[in-house]
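target.txt (compact mmCIF, N, CA and C atoms) appears below.
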```txt
# COMPACT_ATOMS: atom_id res chain seq x y z
N MET A 237 2.66 10.95 22.11
CA MET A 237 3.77 10.48 21.31
C MET A 237 3.67 11.10 19.92
N LYS A 238 4.82 11.23 19.29
CA LYS A 238 4.92 11.82 17.96
C LYS A 238 5.63 10.84 17.04
N ALA A 239 5.05 10.60 15.85
CA ALA A 239 5.62 9.64 14.91
C ALA A 239 5.68 10.23 13.52
N ILE A 240 6.56 9.66 12.70
CA ILE A 240 6.65 10.03 11.29
C ILE A 240 6.70 8.76 10.46
N SER A 241 6.11 8.83 9.27
CA SER A 241 6.09 7.66 8.39
C SER A 241 6.17 8.11 6.95
N SER A 242 6.44 7.16 6.08
CA SER A 242 6.35 7.42 4.65
C SER A 242 4.88 7.39 4.26
N MET A 243 4.59 7.85 3.07
CA MET A 243 3.21 7.86 2.58
C MET A 243 2.67 6.45 2.36
N ALA A 244 3.56 5.50 2.12
CA ALA A 244 3.14 4.13 1.81
C ALA A 244 2.29 3.52 2.93
N THR A 245 2.57 3.90 4.17
CA THR A 245 1.87 3.29 5.30
C THR A 245 0.85 4.23 5.96
N ARG A 246 0.61 5.39 5.36
CA ARG A 246 -0.20 6.41 6.03
C ARG A 246 -1.60 5.94 6.41
N LEU A 247 -2.29 5.25 5.51
CA LEU A 247 -3.67 4.83 5.81
C LEU A 247 -3.70 3.75 6.88
N LEU A 248 -2.83 2.77 6.76
CA LEU A 248 -2.75 1.71 7.75
C LEU A 248 -2.43 2.28 9.13
N LEU A 249 -1.40 3.13 9.20
CA LEU A 249 -1.00 3.69 10.49
C LEU A 249 -2.07 4.60 11.06
N ALA A 250 -2.76 5.36 10.23
CA ALA A 250 -3.85 6.20 10.73
C ALA A 250 -4.93 5.35 11.38
N ASP A 251 -5.29 4.24 10.73
CA ASP A 251 -6.29 3.33 11.30
C ASP A 251 -5.80 2.71 12.61
N LEU A 252 -4.54 2.25 12.61
CA LEU A 252 -3.99 1.62 13.82
C LEU A 252 -3.90 2.61 14.98
N MET A 253 -3.46 3.82 14.69
CA MET A 253 -3.32 4.82 15.75
C MET A 253 -4.69 5.23 16.29
N ALA A 254 -5.69 5.33 15.42
CA ALA A 254 -7.05 5.66 15.87
C ALA A 254 -7.60 4.55 16.75
N ALA A 255 -7.37 3.30 16.36
CA ALA A 255 -7.84 2.16 17.16
C ALA A 255 -7.14 2.13 18.52
N ALA A 256 -5.85 2.41 18.54
CA ALA A 256 -5.11 2.43 19.81
C ALA A 256 -5.64 3.54 20.71
N ASP A 257 -5.90 4.69 20.13
CA ASP A 257 -6.44 5.81 20.89
C ASP A 257 -7.82 5.46 21.45
N ASP A 258 -8.68 4.87 20.61
CA ASP A 258 -10.03 4.48 21.04
C ASP A 258 -9.98 3.43 22.15
N ALA A 259 -8.96 2.59 22.14
CA ALA A 259 -8.82 1.53 23.15
C ALA A 259 -8.17 2.05 24.43
N GLY A 260 -7.86 3.34 24.46
CA GLY A 260 -7.26 3.91 25.66
C GLY A 260 -5.78 3.63 25.80
N LEU A 261 -5.12 3.30 24.71
CA LEU A 261 -3.70 2.98 24.76
C LEU A 261 -2.81 4.22 24.58
N GLY A 262 -3.42 5.36 24.45
CA GLY A 262 -2.66 6.59 24.29
C GLY A 262 -2.72 7.11 22.87
N HIS A 263 -2.55 8.41 22.77
CA HIS A 263 -2.63 9.06 21.46
C HIS A 263 -1.25 9.17 20.83
N VAL A 264 -1.17 8.85 19.55
CA VAL A 264 0.05 9.03 18.78
C VAL A 264 -0.27 9.96 17.62
N GLU A 265 0.43 11.08 17.58
CA GLU A 265 0.29 12.03 16.47
C GLU A 265 1.24 11.59 15.38
N ILE A 266 0.69 11.17 14.24
CA ILE A 266 1.53 10.65 13.17
C ILE A 266 1.47 11.58 11.96
N GLU A 267 2.65 11.86 11.43
CA GLU A 267 2.78 12.67 10.23
C GLU A 267 3.33 11.79 9.12
N SER A 268 2.64 11.75 7.99
CA SER A 268 3.08 10.94 6.86
C SER A 268 3.54 11.87 5.74
N VAL A 269 4.78 11.66 5.31
CA VAL A 269 5.40 12.46 4.24
C VAL A 269 6.17 11.52 3.34
N GLY A 270 6.76 12.02 2.30
CA GLY A 270 7.61 11.18 1.46
C GLY A 270 8.72 10.56 2.29
N GLY A 271 9.04 9.31 1.99
CA GLY A 271 10.03 8.58 2.78
C GLY A 271 11.39 9.25 2.82
N VAL A 272 11.83 9.82 1.70
CA VAL A 272 13.12 10.51 1.67
C VAL A 272 13.09 11.72 2.59
N ASP A 273 11.99 12.48 2.53
CA ASP A 273 11.85 13.65 3.40
C ASP A 273 11.81 13.25 4.87
N ALA A 274 11.10 12.18 5.18
CA ALA A 274 11.02 11.70 6.56
C ALA A 274 12.40 11.32 7.08
N ALA A 275 13.14 10.56 6.29
CA ALA A 275 14.48 10.14 6.70
C ALA A 275 15.39 11.35 6.88
N ASP A 276 15.30 12.32 5.98
CA ASP A 276 16.11 13.54 6.09
C ASP A 276 15.80 14.29 7.38
N ARG A 277 14.53 14.38 7.73
CA ARG A 277 14.14 15.09 8.95
C ARG A 277 14.67 14.39 10.19
N VAL A 278 14.58 13.07 10.21
CA VAL A 278 15.10 12.31 11.35
C VAL A 278 16.62 12.48 11.43
N ALA A 279 17.30 12.38 10.30
CA ALA A 279 18.76 12.53 10.26
C ALA A 279 19.19 13.93 10.68
N ALA A 280 18.35 14.92 10.41
CA ALA A 280 18.66 16.30 10.78
C ALA A 280 18.44 16.57 12.27
N GLY A 281 17.89 15.58 12.98
CA GLY A 281 17.73 15.72 14.42
C GLY A 281 16.33 16.04 14.89
N GLU A 282 15.37 16.12 13.97
CA GLU A 282 13.99 16.35 14.42
C GLU A 282 13.57 15.15 15.27
N GLU A 283 12.96 15.43 16.40
CA GLU A 283 12.65 14.36 17.35
C GLU A 283 11.30 13.72 17.09
N PHE A 284 11.32 12.39 17.06
CA PHE A 284 10.12 11.57 16.93
C PHE A 284 10.25 10.41 17.90
N ASP A 285 9.12 9.98 18.45
CA ASP A 285 9.11 8.81 19.32
C ASP A 285 9.11 7.52 18.51
N LEU A 286 8.50 7.56 17.33
CA LEU A 286 8.41 6.40 16.45
C LEU A 286 8.71 6.83 15.02
N VAL A 287 9.43 5.98 14.29
CA VAL A 287 9.76 6.24 12.89
C VAL A 287 9.39 5.00 12.08
N PHE A 288 8.45 5.16 11.15
CA PHE A 288 7.99 4.06 10.30
C PHE A 288 8.48 4.31 8.88
N LEU A 289 9.55 3.62 8.48
CA LEU A 289 10.13 3.78 7.15
C LEU A 289 10.59 2.43 6.61
N ALA A 290 11.02 2.41 5.38
CA ALA A 290 11.54 1.20 4.76
C ALA A 290 12.79 0.73 5.51
N ASP A 291 13.03 -0.57 5.46
CA ASP A 291 14.15 -1.12 6.22
C ASP A 291 15.49 -0.51 5.82
N GLY A 292 15.69 -0.22 4.54
CA GLY A 292 16.94 0.40 4.11
C GLY A 292 17.14 1.78 4.71
N ALA A 293 16.07 2.57 4.74
CA ALA A 293 16.14 3.90 5.33
C ALA A 293 16.41 3.81 6.83
N LEU A 294 15.74 2.88 7.51
CA LEU A 294 15.96 2.71 8.94
C LEU A 294 17.38 2.22 9.24
N ALA A 295 17.92 1.36 8.38
CA ALA A 295 19.29 0.87 8.57
C ALA A 295 20.28 2.03 8.48
N LYS A 296 20.07 2.93 7.52
CA LYS A 296 20.95 4.11 7.39
C LYS A 296 20.82 5.02 8.60
N LEU A 297 19.59 5.22 9.05
CA LEU A 297 19.38 6.06 10.23
C LEU A 297 20.01 5.43 11.47
N ALA A 298 19.92 4.11 11.59
CA ALA A 298 20.54 3.42 12.73
C ALA A 298 22.06 3.53 12.65
N ALA A 299 22.62 3.35 11.45
CA ALA A 299 24.07 3.45 11.28
C ALA A 299 24.57 4.84 11.65
N GLY A 300 23.74 5.85 11.43
CA GLY A 300 24.11 7.22 11.78
C GLY A 300 23.77 7.60 13.21
N GLY A 301 23.21 6.66 13.97
CA GLY A 301 22.87 6.93 15.36
C GLY A 301 21.60 7.74 15.55
N HIS A 302 20.76 7.79 14.52
CA HIS A 302 19.54 8.59 14.60
C HIS A 302 18.34 7.80 15.11
N VAL A 303 18.39 6.48 15.03
CA VAL A 303 17.41 5.60 15.65
C VAL A 303 18.18 4.47 16.32
N VAL A 304 17.58 3.85 17.31
CA VAL A 304 18.22 2.75 18.02
C VAL A 304 18.13 1.49 17.16
N ALA A 305 19.27 0.96 16.75
CA ALA A 305 19.31 -0.19 15.84
C ALA A 305 18.51 -1.37 16.38
N ALA A 306 18.60 -1.63 17.67
CA ALA A 306 17.91 -2.77 18.27
C ALA A 306 16.39 -2.61 18.26
N SER A 307 15.92 -1.40 18.03
CA SER A 307 14.47 -1.17 18.02
C SER A 307 13.84 -1.36 16.64
N VAL A 308 14.66 -1.51 15.61
CA VAL A 308 14.15 -1.65 14.24
C VAL A 308 13.56 -3.05 14.05
N ALA A 309 12.30 -3.10 13.64
CA ALA A 309 11.62 -4.38 13.45
C ALA A 309 10.69 -4.28 12.24
N PRO A 310 10.66 -5.32 11.41
CA PRO A 310 9.74 -5.30 10.26
C PRO A 310 8.29 -5.41 10.74
N LEU A 311 7.43 -4.56 10.18
CA LEU A 311 6.02 -4.57 10.57
C LEU A 311 5.07 -4.75 9.40
N VAL A 312 5.44 -4.28 8.22
CA VAL A 312 4.51 -4.22 7.09
C VAL A 312 5.19 -4.72 5.83
N LEU A 313 4.46 -5.50 5.04
CA LEU A 313 4.93 -5.91 3.72
C LEU A 313 4.20 -5.03 2.71
N SER A 314 4.96 -4.31 1.91
CA SER A 314 4.38 -3.38 0.94
C SER A 314 4.39 -3.99 -0.45
N GLN A 315 3.25 -3.98 -1.10
CA GLN A 315 3.16 -4.51 -2.45
C GLN A 315 3.43 -3.41 -3.47
N VAL A 316 3.77 -3.82 -4.67
CA VAL A 316 4.04 -2.89 -5.76
C VAL A 316 2.87 -2.91 -6.72
N ALA A 317 2.45 -1.74 -7.15
CA ALA A 317 1.37 -1.64 -8.12
C ALA A 317 1.89 -0.96 -9.38
N VAL A 318 1.28 -1.27 -10.50
CA VAL A 318 1.66 -0.70 -11.79
C VAL A 318 0.42 -0.08 -12.41
N GLY A 319 0.59 1.08 -13.00
CA GLY A 319 -0.52 1.73 -13.68
C GLY A 319 -0.06 2.33 -14.99
N ALA A 320 -1.00 2.63 -15.84
CA ALA A 320 -0.71 3.26 -17.13
C ALA A 320 -1.61 4.49 -17.26
N PRO A 321 -1.14 5.51 -17.99
CA PRO A 321 -1.95 6.72 -18.15
C PRO A 321 -3.29 6.43 -18.82
N SER A 322 -4.30 7.22 -18.48
CA SER A 322 -5.60 7.06 -19.14
C SER A 322 -5.46 7.42 -20.61
N GLY A 323 -6.28 6.81 -21.42
CA GLY A 323 -6.25 7.07 -22.85
C GLY A 323 -5.22 6.27 -23.62
N THR A 324 -4.54 5.35 -22.93
CA THR A 324 -3.56 4.51 -23.62
C THR A 324 -4.18 3.15 -23.92
N ASP A 325 -3.48 2.37 -24.69
CA ASP A 325 -3.95 1.02 -25.00
C ASP A 325 -3.42 0.00 -24.00
N ALA A 326 -3.17 0.45 -22.76
CA ALA A 326 -2.64 -0.44 -21.73
C ALA A 326 -3.67 -1.51 -21.40
N PRO A 327 -3.21 -2.68 -21.01
CA PRO A 327 -4.14 -3.74 -20.62
C PRO A 327 -4.93 -3.36 -19.37
N ALA A 328 -5.98 -4.10 -19.10
CA ALA A 328 -6.81 -3.86 -17.92
C ALA A 328 -5.97 -3.95 -16.65
N THR A 329 -6.37 -3.20 -15.63
CA THR A 329 -5.61 -3.20 -14.39
C THR A 329 -6.39 -3.76 -13.21
N ALA A 330 -7.51 -4.40 -13.45
CA ALA A 330 -8.29 -5.00 -12.37
C ALA A 330 -7.53 -6.20 -11.79
N VAL A 331 -7.65 -6.36 -10.48
CA VAL A 331 -6.97 -7.49 -9.83
C VAL A 331 -7.39 -8.81 -10.45
N SER A 332 -8.67 -8.93 -10.83
CA SER A 332 -9.15 -10.17 -11.42
C SER A 332 -8.63 -10.37 -12.84
N ASP A 333 -8.17 -9.29 -13.46
CA ASP A 333 -7.63 -9.35 -14.82
C ASP A 333 -6.38 -8.47 -14.85
N PRO A 334 -5.29 -8.95 -14.26
CA PRO A 334 -4.11 -8.08 -14.11
C PRO A 334 -3.55 -7.60 -15.43
N ALA A 335 -3.06 -6.37 -15.41
CA ALA A 335 -2.46 -5.77 -16.60
C ALA A 335 -1.20 -6.53 -16.99
N PHE A 336 -0.47 -6.95 -16.00
CA PHE A 336 0.81 -7.61 -16.23
C PHE A 336 0.83 -8.92 -15.45
N PRO A 337 0.48 -10.01 -16.10
CA PRO A 337 0.34 -11.27 -15.39
C PRO A 337 1.66 -11.87 -14.90
N ASP A 338 2.77 -11.38 -15.43
CA ASP A 338 4.06 -11.92 -15.01
C ASP A 338 5.16 -10.89 -15.28
N ALA A 339 6.37 -11.21 -14.83
CA ALA A 339 7.49 -10.29 -14.97
C ALA A 339 7.82 -10.01 -16.43
N ALA A 340 7.63 -11.00 -17.30
CA ALA A 340 7.93 -10.80 -18.72
C ALA A 340 7.04 -9.70 -19.31
N ALA A 341 5.79 -9.66 -18.89
CA ALA A 341 4.88 -8.63 -19.39
C ALA A 341 5.28 -7.24 -18.88
N VAL A 342 5.73 -7.17 -17.62
CA VAL A 342 6.21 -5.90 -17.08
C VAL A 342 7.45 -5.46 -17.84
N ARG A 343 8.37 -6.38 -18.06
CA ARG A 343 9.61 -6.07 -18.80
C ARG A 343 9.29 -5.53 -20.19
N GLU A 344 8.35 -6.15 -20.88
CA GLU A 344 7.98 -5.71 -22.22
C GLU A 344 7.36 -4.31 -22.19
N ALA A 345 6.52 -4.05 -21.20
CA ALA A 345 5.90 -2.73 -21.08
C ALA A 345 6.96 -1.66 -20.82
N ILE A 346 7.93 -1.97 -19.98
CA ILE A 346 9.01 -1.02 -19.70
C ILE A 346 9.85 -0.81 -20.95
N ARG A 347 10.14 -1.87 -21.64
CA ARG A 347 10.94 -1.77 -22.87
C ARG A 347 10.26 -0.85 -23.89
N GLU A 348 8.93 -0.91 -23.96
CA GLU A 348 8.19 -0.12 -24.95
C GLU A 348 7.88 1.30 -24.49
N ALA A 349 8.02 1.58 -23.21
CA ALA A 349 7.66 2.90 -22.67
C ALA A 349 8.68 3.97 -23.08
N ARG A 350 8.16 5.16 -23.38
CA ARG A 350 9.05 6.29 -23.66
C ARG A 350 9.71 6.77 -22.38
N LYS A 351 8.96 6.74 -21.28
CA LYS A 351 9.50 7.11 -19.98
C LYS A 351 8.66 6.44 -18.90
N ILE A 352 9.25 6.30 -17.72
CA ILE A 352 8.55 5.70 -16.59
C ILE A 352 8.76 6.58 -15.36
N GLY A 353 7.88 6.44 -14.42
CA GLY A 353 8.02 7.09 -13.12
C GLY A 353 7.92 6.03 -12.05
N TYR A 354 8.62 6.23 -10.95
CA TYR A 354 8.58 5.25 -9.87
C TYR A 354 8.87 5.93 -8.55
N SER A 355 8.51 5.27 -7.49
CA SER A 355 8.67 5.76 -6.13
C SER A 355 10.13 5.77 -5.71
N THR A 356 10.46 6.68 -4.79
CA THR A 356 11.79 6.67 -4.19
C THR A 356 11.86 5.68 -3.03
N GLY A 357 10.74 5.03 -2.73
CA GLY A 357 10.69 4.06 -1.63
C GLY A 357 11.08 2.67 -2.07
N PRO A 358 10.76 1.67 -1.25
CA PRO A 358 11.16 0.29 -1.52
C PRO A 358 10.66 -0.25 -2.85
N SER A 359 9.46 0.13 -3.26
CA SER A 359 8.95 -0.39 -4.53
C SER A 359 9.77 0.14 -5.69
N GLY A 360 10.18 1.40 -5.62
CA GLY A 360 11.03 1.97 -6.67
C GLY A 360 12.40 1.33 -6.69
N THR A 361 12.96 1.07 -5.52
CA THR A 361 14.25 0.40 -5.43
C THR A 361 14.17 -0.99 -6.05
N ALA A 362 13.10 -1.70 -5.75
CA ALA A 362 12.92 -3.04 -6.33
C ALA A 362 12.76 -2.96 -7.84
N LEU A 363 12.02 -1.98 -8.32
CA LEU A 363 11.82 -1.83 -9.76
C LEU A 363 13.14 -1.52 -10.47
N VAL A 364 13.91 -0.60 -9.92
CA VAL A 364 15.21 -0.25 -10.52
C VAL A 364 16.11 -1.49 -10.57
N SER A 365 16.10 -2.28 -9.51
CA SER A 365 16.90 -3.51 -9.49
C SER A 365 16.45 -4.47 -10.59
N MET A 366 15.13 -4.62 -10.78
CA MET A 366 14.62 -5.49 -11.84
C MET A 366 15.05 -4.98 -13.21
N ILE A 367 14.93 -3.67 -13.41
CA ILE A 367 15.31 -3.07 -14.70
C ILE A 367 16.78 -3.32 -14.99
N GLU A 368 17.62 -3.15 -13.97
CA GLU A 368 19.05 -3.41 -14.15
C GLU A 368 19.32 -4.88 -14.45
N ASP A 369 18.63 -5.76 -13.74
CA ASP A 369 18.79 -7.21 -13.98
C ASP A 369 18.39 -7.58 -15.41
N TRP A 370 17.40 -6.88 -15.95
CA TRP A 370 16.94 -7.15 -17.31
C TRP A 370 17.82 -6.50 -18.37
N GLY A 371 18.80 -5.71 -17.93
CA GLY A 371 19.68 -5.03 -18.88
C GLY A 371 19.00 -3.87 -19.59
N LEU A 372 17.99 -3.27 -18.97
CA LEU A 372 17.25 -2.18 -19.60
C LEU A 372 17.63 -0.81 -19.07
N SER A 373 18.57 -0.74 -18.13
CA SER A 373 18.90 0.56 -17.56
C SER A 373 19.59 1.45 -18.59
N ALA A 374 19.37 2.74 -18.41
CA ALA A 374 19.92 3.72 -19.37
C ALA A 374 21.43 3.84 -19.25
```
Can the structure in the file be given as structure tokens, please?
Amino acid sequence: MKAISSMATRLLLADLMAAADDAGLGHVEIESVGGVDAADRVAAGEEFDLVFLADGALAKLAAGGHVVAASVAPLVLSQVAVGAPSGTDAPATAVSDPAFPDAAAVREAIREARKIGYSTGPSGTALVSMIEDWGLSA
């Protein structure tokens, strides 16, 4: 079998596919790339037996007839992480001492940032939505 996934799930899927192979359940060759690139390849007709992407991307692929809508099922909950460049006065980022203990702290950090970068995947979509809700969009 041949599968494609976004980078967000690459480590989890690699472990799961290796365990399935070790258990004699069959080998799945999985390729992990950026989610936008993966969706574009599926939409262009590249054949895969399994497609692991964000629900929004899978919904678009299903609407276009590129994946079977009835086969789409949620499997993984992806968390969002925040980081700051080294050499800055950013707060600690250890889980035991989070950099941003609440949404207000994230909002303030974004407000003070000269620029931000974010994923094109679900975490980036969620962040853009939060920024818009806060009235901080450009």
Calculate how many Å separate atom CA of A:Ser355 from atom CA of A:Ala293, rounding to one decimal.
13.8 Å
Using only N, CA and C atoms, which of A:Leu249, A:Ser268, A:Gly371, A:Val278 sits nearest A:Val303?
A:Val278
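Note that the spacing between atom CA of A:Val318 and atom C of A:Ile346 amounts to 12.3 Å.
Atom pair atom C of A:Phe284 / atom N of A:Ala362 has a distance of 26.7 Å (rounded to one decimal).
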When you look at stretch 260-264 of chain A with a cut-off of 6 Å (counting all atoms listed in the file), what residues show up, excluding the ones that are within fewer than 4 positions of it in the same chain? I need them as a PyMOL selection string.
chain A and resi 237-239+253+256
Output N, CA and C atoms for every residue in the selection just made, as a PDB file, in the frame of the given file.
```pdb
ATOM      1  N   MET A 237       2.660  10.950  22.110  1.00  0.00           N
ATOM      2  CA  MET A 237       3.770  10.480  21.310  1.00  0.00           C
ATOM      3  C   MET A 237       3.670  11.100  19.920  1.00  0.00           C
ATOM      4  N   LYS A 238       4.820  11.230  19.290  1.00  0.00           N
ATOM      5  CA  LYS A 238       4.920  11.820  17.960  1.00  0.00           C
ATOM      6  C   LYS A 238       5.630  10.840  17.040  1.00  0.00           C
ATOM      7  N   ALA A 239       5.050  10.600  15.850  1.00  0.00           N
ATOM      8  CA  ALA A 239       5.620   9.640  14.910  1.00  0.00           C
ATOM      9  C   ALA A 239       5.680  10.230  13.520  1.00  0.00           C
ATOM     10  N   MET A 253      -3.460   3.820  14.690  1.00  0.00           N
ATOM     11  CA  MET A 253      -3.320   4.820  15.750  1.00  0.00           C
ATOM     12  C   MET A 253      -4.690   5.230  16.290  1.00  0.00           C
ATOM     13  N   ALA A 256      -5.850   2.410  18.540  1.00  0.00           N
ATOM     14  CA  ALA A 256      -5.110   2.430  19.810  1.00  0.00           C
ATOM     15  C   ALA A 256      -5.640   3.540  20.710  1.00  0.00           C
TER      16      ALA A 256
END
```
Option closest in space to A:Glu348, from A:Ile266, A:Ala298, A:Ser365, A:Leu372 [counting only C-alpha atoms]
A:Leu372
Select, from A:Ile240, A:Leu311, A:Ala250, A:Ala339, the residue with the minimum atom-to-atom distance to A:Asp285, counting all atoms listed in the file.
A:Ile240
Given the point (17.8, 5.7, 3.2) in the file's coordinates, find the residues that have an atom at most 6 Å from it, counting all atoms listed in the file, and give them as a ChimeraX atom specification.
/A:292-294,296
Run DSSP on the backbone and grab whatever in chain A lands in strand (DSSP E or B); send it over as a list in words.
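Going through chain A, the strand (DSSP E or B) residues come out as Lys238, Ala239, Ile240, Ser241, Ser242, Glu265, Ile266, Glu267, Ser268, Val269, Leu286, Val287, Phe288, Ala330 and Asp333 of chain A.
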DSSP-assigned helix (DSSP H, G or I) among chain A, expressed as a count of residues only
59
Which neighbours of A:Ala309 fall inside 10 Å, counting only C-alpha atoms, when residues of the same chain fewer than 4 positions from it are skipped, and could you give them as a PDB file with N, CA and C atoms, keeping the file's coordinate frame?
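Final output, saved to out31.pdb:
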```pdb
ATOM      1  N   PHE A 288       8.450   5.160  11.150  1.00  0.00           N
ATOM      2  CA  PHE A 288       7.990   4.060  10.300  1.00  0.00           C
ATOM      3  C   PHE A 288       8.480   4.310   8.880  1.00  0.00           C
ATOM      4  N   ASP A 291      13.030  -0.570   5.460  1.00  0.00           N
ATOM      5  CA  ASP A 291      14.150  -1.120   6.220  1.00  0.00           C
ATOM      6  C   ASP A 291      15.490  -0.510   5.820  1.00  0.00           C
ATOM      7  N   LEU A 294      15.740   2.880   7.510  1.00  0.00           N
ATOM      8  CA  LEU A 294      15.960   2.710   8.940  1.00  0.00           C
ATOM      9  C   LEU A 294      17.380   2.220   9.240  1.00  0.00           C
ATOM     10  N   ALA A 305      19.270   0.960  16.750  1.00  0.00           N
ATOM     11  CA  ALA A 305      19.310  -0.190  15.840  1.00  0.00           C
ATOM     12  C   ALA A 305      18.510  -1.370  16.380  1.00  0.00           C
TER      13      ALA A 305
END
```
With distances taken over only C-alpha atoms, which of A:Gly353, A:Pro310, A:Gly281, A:Pro358 is nearest to A:Met243?
A:Pro358
